[in-house]
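Text of the file run_37.txt, holding compact mmCIF, C-alpha atoms:
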```txt
# COMPACT_ATOMS: atom_id res chain seq x y z
CA MET A 1 0.00 0.00 0.00
CA ALA A 2 1.17 3.56 -0.67
CA THR A 3 2.42 5.27 2.51
CA PRO A 4 0.69 8.37 3.92
CA GLU A 5 3.84 10.34 3.00
CA GLN A 6 3.66 9.12 -0.63
CA ILE A 7 -0.04 9.98 -0.80
CA ARG A 8 0.51 13.48 0.61
CA GLU A 9 3.34 14.09 -1.87
CA VAL A 10 1.18 13.04 -4.85
CA VAL A 11 -1.72 15.23 -3.65
CA ALA A 12 0.69 18.19 -3.36
CA GLN A 13 2.03 17.43 -6.85
CA TYR A 14 -1.53 17.24 -8.17
CA ALA A 15 -2.37 20.70 -6.79
CA LYS A 16 0.87 22.06 -8.23
CA ARG A 17 0.36 20.51 -11.69
CA VAL A 18 -3.30 21.56 -11.96
CA ALA A 19 -1.94 25.10 -11.54
CA ALA A 20 1.27 24.98 -13.56
CA GLY A 21 1.56 21.61 -15.30
CA SER A 22 0.42 20.35 -18.71
CA ALA A 23 -2.52 17.97 -19.08
CA SER A 24 0.04 15.24 -19.81
CA GLU A 25 1.96 15.99 -16.59
CA ILE A 26 -1.29 15.84 -14.60
CA ALA A 27 -2.28 12.55 -16.29
CA ASP A 28 1.17 11.13 -15.39
CA LEU A 29 0.05 11.10 -11.74
CA TYR A 30 -2.70 8.58 -12.62
CA THR A 31 -2.51 4.87 -13.41
CA PRO A 32 -3.20 4.04 -17.10
CA ASP A 33 -6.69 2.70 -16.26
CA ALA A 34 -7.67 5.33 -13.67
CA ILE A 35 -11.13 6.86 -13.42
CA VAL A 36 -11.96 10.57 -12.94
CA GLU A 37 -15.51 11.65 -11.98
CA ASP A 38 -15.69 15.45 -11.83
CA PRO A 39 -18.17 16.52 -10.60
CA VAL A 40 -19.55 13.41 -8.90
CA GLY A 41 -22.76 12.34 -10.68
CA THR A 42 -21.46 13.06 -14.19
CA PRO A 43 -20.10 10.41 -16.62
CA PRO A 44 -16.57 9.37 -15.59
CA HIS A 45 -13.43 9.80 -17.70
CA GLU A 46 -11.77 6.41 -17.93
CA GLY A 47 -8.16 5.77 -18.89
CA ARG A 48 -5.13 7.88 -19.74
CA ALA A 49 -6.40 9.45 -23.01
CA ALA A 50 -9.76 10.50 -21.55
CA ILE A 51 -8.13 11.88 -18.42
CA GLU A 52 -5.51 13.87 -20.34
CA SER A 53 -8.25 15.24 -22.59
CA PHE A 54 -10.32 16.24 -19.54
CA TYR A 55 -7.45 18.23 -18.01
CA GLY A 56 -6.65 19.73 -21.42
CA ALA A 57 -9.54 22.16 -20.86
CA LEU A 58 -7.48 23.81 -18.11
CA SER A 59 -4.75 24.86 -20.53
CA GLN A 60 -6.90 27.76 -21.76
CA ALA A 61 -6.74 29.47 -18.36
CA GLU A 62 -4.21 30.96 -15.95
CA ILE A 63 -4.71 28.83 -12.85
CA THR A 64 -3.79 29.01 -9.21
CA THR A 65 -4.67 26.32 -6.66
CA GLU A 66 -4.78 26.13 -2.89
CA LEU A 67 -4.90 22.87 -0.92
CA GLN A 68 -7.21 23.03 2.07
CA GLY A 69 -6.58 20.28 4.63
CA VAL A 70 -5.48 16.87 3.35
CA ARG A 71 -6.85 13.82 5.16
CA VAL A 72 -5.24 10.45 4.45
CA ALA A 73 -7.05 7.21 5.37
CA GLY A 74 -5.96 3.76 4.20
CA ASN A 75 -5.19 3.98 0.46
CA SER A 76 -7.31 7.14 0.09
CA ALA A 77 -7.11 10.89 0.53
CA ALA A 78 -9.75 13.62 0.80
CA PHE A 79 -8.99 17.32 0.57
CA GLY A 80 -10.40 20.68 -0.36
CA LEU A 81 -8.87 22.23 -3.49
CA LYS A 82 -9.61 25.85 -4.32
CA VAL A 83 -9.08 26.37 -8.05
CA ILE A 84 -8.97 29.91 -9.41
CA ALA A 85 -9.01 30.12 -13.21
CA LYS A 86 -8.52 33.39 -15.11
CA THR A 87 -9.57 33.49 -18.75
CA GLY A 88 -9.63 36.88 -20.46
CA ASP A 89 -11.34 39.23 -18.01
CA GLN A 90 -13.26 36.46 -16.20
CA THR A 91 -12.19 34.75 -12.97
CA ILE A 92 -13.84 31.43 -12.13
CA THR A 93 -13.35 30.00 -8.64
CA VAL A 94 -14.35 26.41 -7.88
CA GLU A 95 -13.95 24.81 -4.45
CA PRO A 96 -14.46 21.04 -4.66
CA ILE A 97 -13.67 18.41 -2.09
CA ASP A 98 -11.66 15.78 -3.97
CA VAL A 99 -11.42 12.12 -2.96
CA MET A 100 -8.59 10.04 -4.44
CA THR A 101 -7.57 6.40 -4.19
CA PHE A 102 -3.99 5.27 -4.74
CA GLY A 103 -2.27 2.15 -6.04
CA ASP A 104 0.67 0.47 -4.33
CA ASP A 105 3.09 2.57 -6.39
CA GLY A 106 1.48 5.85 -5.23
CA LYS A 107 -0.22 6.55 -8.59
CA ILE A 108 -3.81 7.82 -8.44
CA THR A 109 -6.32 5.08 -9.33
CA SER A 110 -9.43 7.28 -9.02
CA MET A 111 -10.45 10.86 -8.38
CA ARG A 112 -13.97 12.00 -7.50
CA ALA A 113 -14.67 15.74 -7.15
CA PHE A 114 -17.61 16.76 -4.98
CA TRP A 115 -18.96 20.17 -6.02
CA SER A 116 -21.88 21.87 -7.75
CA GLN A 117 -22.73 25.33 -9.06
CA ASP A 118 -23.13 26.33 -5.41
CA ASP A 119 -19.36 25.96 -4.97
CA MET A 120 -18.46 28.07 -8.02
CA THR A 121 -18.23 31.83 -8.42
CA VAL A 122 -17.69 33.80 -11.65
CA GLU A 123 -16.40 37.38 -11.45
CA MET B 1 -33.17 11.44 -6.20
CA ALA B 2 -32.87 13.46 -2.99
CA THR B 3 -32.70 17.21 -3.65
CA PRO B 4 -29.62 19.27 -2.69
CA GLU B 5 -31.81 21.02 -0.09
CA GLN B 6 -32.82 17.65 1.45
CA ILE B 7 -29.20 16.51 1.49
CA ARG B 8 -28.00 19.74 3.15
CA GLU B 9 -30.72 19.45 5.77
CA VAL B 10 -29.78 15.85 6.63
CA VAL B 11 -26.07 16.77 6.85
CA ALA B 12 -26.96 19.63 9.22
CA GLN B 13 -29.13 17.25 11.29
CA TYR B 14 -26.27 14.75 11.37
CA ALA B 15 -23.83 17.35 12.77
CA LYS B 16 -26.45 18.41 15.31
CA ARG B 17 -27.28 14.84 16.42
CA VAL B 18 -23.62 13.76 16.69
CA ALA B 19 -23.30 16.62 19.19
CA ALA B 20 -26.60 16.41 21.04
CA GLY B 21 -28.57 13.36 19.87
CA SER B 22 -28.69 9.77 21.05
CA ALA B 23 -27.11 6.93 19.05
CA SER B 24 -30.65 5.92 18.08
CA GLU B 25 -31.45 9.42 16.79
CA ILE B 26 -28.24 9.45 14.74
CA ALA B 27 -29.02 5.97 13.35
CA ASP B 28 -32.51 7.22 12.37
CA LEU B 29 -30.85 9.34 9.68
CA TYR B 30 -29.57 6.17 7.96
CA THR B 31 -31.42 3.58 5.86
CA PRO B 32 -31.81 0.18 7.62
CA ASP B 33 -29.10 -1.39 5.43
CA ALA B 34 -26.68 1.54 5.40
CA ILE B 35 -22.89 1.19 5.69
CA VAL B 36 -20.56 3.29 7.85
CA GLU B 37 -16.77 3.16 7.31
CA ASP B 38 -15.02 5.34 9.90
CA PRO B 39 -12.16 5.82 9.38
CA VAL B 40 -11.86 4.71 5.75
CA GLY B 41 -9.76 1.52 5.58
CA THR B 42 -11.28 -0.06 8.71
CA PRO B 43 -14.03 -2.75 8.69
CA PRO B 44 -17.41 -1.16 7.91
CA HIS B 45 -20.43 -1.14 10.23
CA GLU B 46 -23.35 -2.55 8.27
CA GLY B 47 -27.01 -2.14 9.14
CA ARG B 48 -29.02 -0.34 11.79
CA ALA B 49 -27.84 -2.29 14.87
CA ALA B 50 -24.14 -2.03 14.03
CA ILE B 51 -24.46 1.67 13.21
CA GLU B 52 -26.34 2.49 16.41
CA SER B 53 -23.74 0.54 18.40
CA PHE B 54 -20.92 2.45 16.66
CA TYR B 55 -22.40 5.85 17.59
CA GLY B 56 -23.12 4.59 21.11
CA ALA B 57 -19.45 5.19 21.93
CA LEU B 58 -20.13 8.93 21.64
CA SER B 59 -22.59 8.90 24.53
CA GLN B 60 -19.69 8.78 27.03
CA ALA B 61 -18.51 12.25 25.99
CA GLU B 62 -19.72 15.85 25.92
CA ILE B 63 -19.56 16.66 22.23
CA THR B 64 -19.63 19.75 20.06
CA THR B 65 -19.47 19.70 16.26
CA GLU B 66 -18.74 22.23 13.55
CA LEU B 67 -19.62 21.74 9.88
CA GLN B 68 -16.91 23.04 7.55
CA GLY B 69 -18.13 23.57 3.99
CA VAL B 70 -20.74 21.18 2.62
CA ARG B 71 -20.42 20.18 -1.04
CA VAL B 72 -23.37 18.42 -2.68
CA ALA B 73 -22.90 16.50 -5.95
CA GLY B 74 -25.51 14.16 -7.42
CA ASN B 75 -26.80 11.92 -4.61
CA SER B 76 -23.69 12.59 -2.50
CA ALA B 77 -22.26 15.11 -0.07
CA ALA B 78 -18.73 15.77 1.20
CA PHE B 79 -17.95 18.00 4.15
CA GLY B 80 -15.48 18.71 6.92
CA LEU B 81 -16.81 17.94 10.41
CA LYS B 82 -14.82 19.10 13.42
CA VAL B 83 -15.79 16.92 16.40
CA ILE B 84 -14.68 18.00 19.88
CA ALA B 85 -15.27 15.38 22.59
CA LYS B 86 -14.70 16.08 26.28
CA THR B 87 -14.43 13.09 28.63
CA GLY B 88 -13.30 13.75 32.17
CA ASP B 89 -10.35 16.15 31.88
CA GLN B 90 -9.43 15.10 28.33
CA THR B 91 -10.48 16.88 25.13
CA ILE B 92 -10.21 14.93 21.88
CA THR B 93 -10.59 16.82 18.61
CA VAL B 94 -11.02 14.93 15.34
CA GLU B 95 -11.40 16.64 11.96
CA PRO B 96 -12.51 14.15 9.32
CA ILE B 97 -13.81 14.82 5.85
CA ASP B 98 -17.02 12.81 5.61
CA VAL B 99 -18.55 11.55 2.35
CA MET B 100 -22.19 10.46 2.38
CA THR B 101 -24.56 9.00 -0.20
CA PHE B 102 -28.32 9.41 0.03
CA GLY B 103 -31.38 7.41 -0.99
CA ASP B 104 -34.36 8.89 -2.80
CA ASP B 105 -36.04 9.59 0.55
CA GLY B 106 -33.07 11.61 1.81
CA LYS B 107 -31.88 8.92 4.24
CA ILE B 108 -28.12 8.29 4.39
CA THR B 109 -27.16 5.06 2.57
CA SER B 110 -23.43 5.26 3.35
CA MET B 111 -20.93 7.35 5.27
CA ARG B 112 -17.16 7.18 4.85
CA ALA B 113 -14.96 9.28 7.15
CA PHE B 114 -11.50 10.20 5.88
CA TRP B 115 -9.09 10.83 8.76
CA SER B 116 -6.12 9.38 10.61
CA GLN B 117 -4.17 10.05 13.81
CA ASP B 118 -2.73 13.10 11.99
CA ASP B 119 -6.20 14.72 12.12
CA MET B 120 -6.69 14.10 15.85
CA THR B 121 -5.44 16.04 18.86
CA VAL B 122 -5.72 15.06 22.52
CA GLU B 123 -5.37 17.75 25.19
```
Kindly transcribe the structure held in the file into structure tokens.
Amino acid sequence: MATPEQIREVVAQYAKRVAAGSASEIADLYTPDAIVEDPVGTPPHEGRAAIESFYGALSQAEITTELQGVRVAGNSAAFGLKVIAKTGDQTITVEPIDVMTFGDDGKITSMRAFWSQDDMTVE
Amino acid sequence: MATPEQIREVVAQYAKRVAAGSASEIADLYTPDAIVEDPVGTPPHEGRAAIESFYGALSQAEITTELQGVRVAGNSAAFGLKVIAKTGDQTITVEPIDVMTFGDDGKITSMRAFWSQDDMTVE
């Protein structure tokens, strides 16, 4: 099983790469057959190509992220992630709680993001 | 499907009952065949009797709770819940992130609490 230290390091890397990494660098944190459901209740993105394509949408924006309290339990982590995306003269802020599971090698096997319109502001 | 308003109301009731309700009143918020995994990675408590017994441990302590940011997505909710338990001259504070799923009637069908010793203080 991945250690709590490994899991915390991957979560920190995830927050960093969502802000400043490419879609490919974000997808590198996942296993090849990982599943991303964001937001929870919508059809999941399964596998490397779908996941990289999903994060590709971020490349249009200037993004900053802020981790808000990482909890590690077993092979899982839950944390708040404030994502601020600037595109043109619009600033979109989304504040999901993300839940991730991890494989033995510390790669992310699944990510589920809990949020709705209520957790998003557009300025 | 339960509405976001129903889900938020049940989450608020849950925080209130963990602080001031009996184990039976907390268990009333769950479906009869619900599953509680607290913390994530430990054997789950399945069904009404097991769940009521699990929350029975709380009745030894004077408890206050504080909800920290409820996110609703689909039939699920994720939220921080600060739980402060005073027993004798000891104060235990635990700050899990809880994830719940809900049935059509707004009852809780599962609860998973993400936390470890790192999220607990004893004073």
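Closest approach to chain B among A:Gln68, A:Asn75, A:Ser24, A:Thr31: A:Asn75, based on all atoms listed in the file.
Shortest separation to Met111 (chain B) among B:Glu66, B:Glu123, B:Glu52, B:Asp38 occurs at residue B:Asp38, atoms counted being all atoms listed in the file.
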Give me, as a ChimeraX atom specification, the residues of chain B touching chain A, with the criterion being at most 9 Å (counting all atoms listed in the file). /B:39-42,70-79,95-99,113-116,118-119
Glu62 (chain B) surroundings by only C-alpha atoms, 10 Å radius, close-in-sequence under 5 positions cut, as an NGL selection string: :B and (19-20 or 84-88 or 91)
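Interatomic distance, CA of Gln60 (chain A) to CA of Arg17 (chain A): 14.4 Å.
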Atomic separation - CA of Ala34 (chain B) relative to CA of Thr109 (chain B), Å: 4.5 Å
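The coordinates place CA of Ala12 (chain A) at 13.8 Å from CA of Phe102 (chain A).
With all atoms listed in the file as the basis for measurement, B:Gly21 is the residue among B:Arg8, B:Asp105, B:Gln13, B:Gly21 that approaches Ser59 (chain B) most closely.
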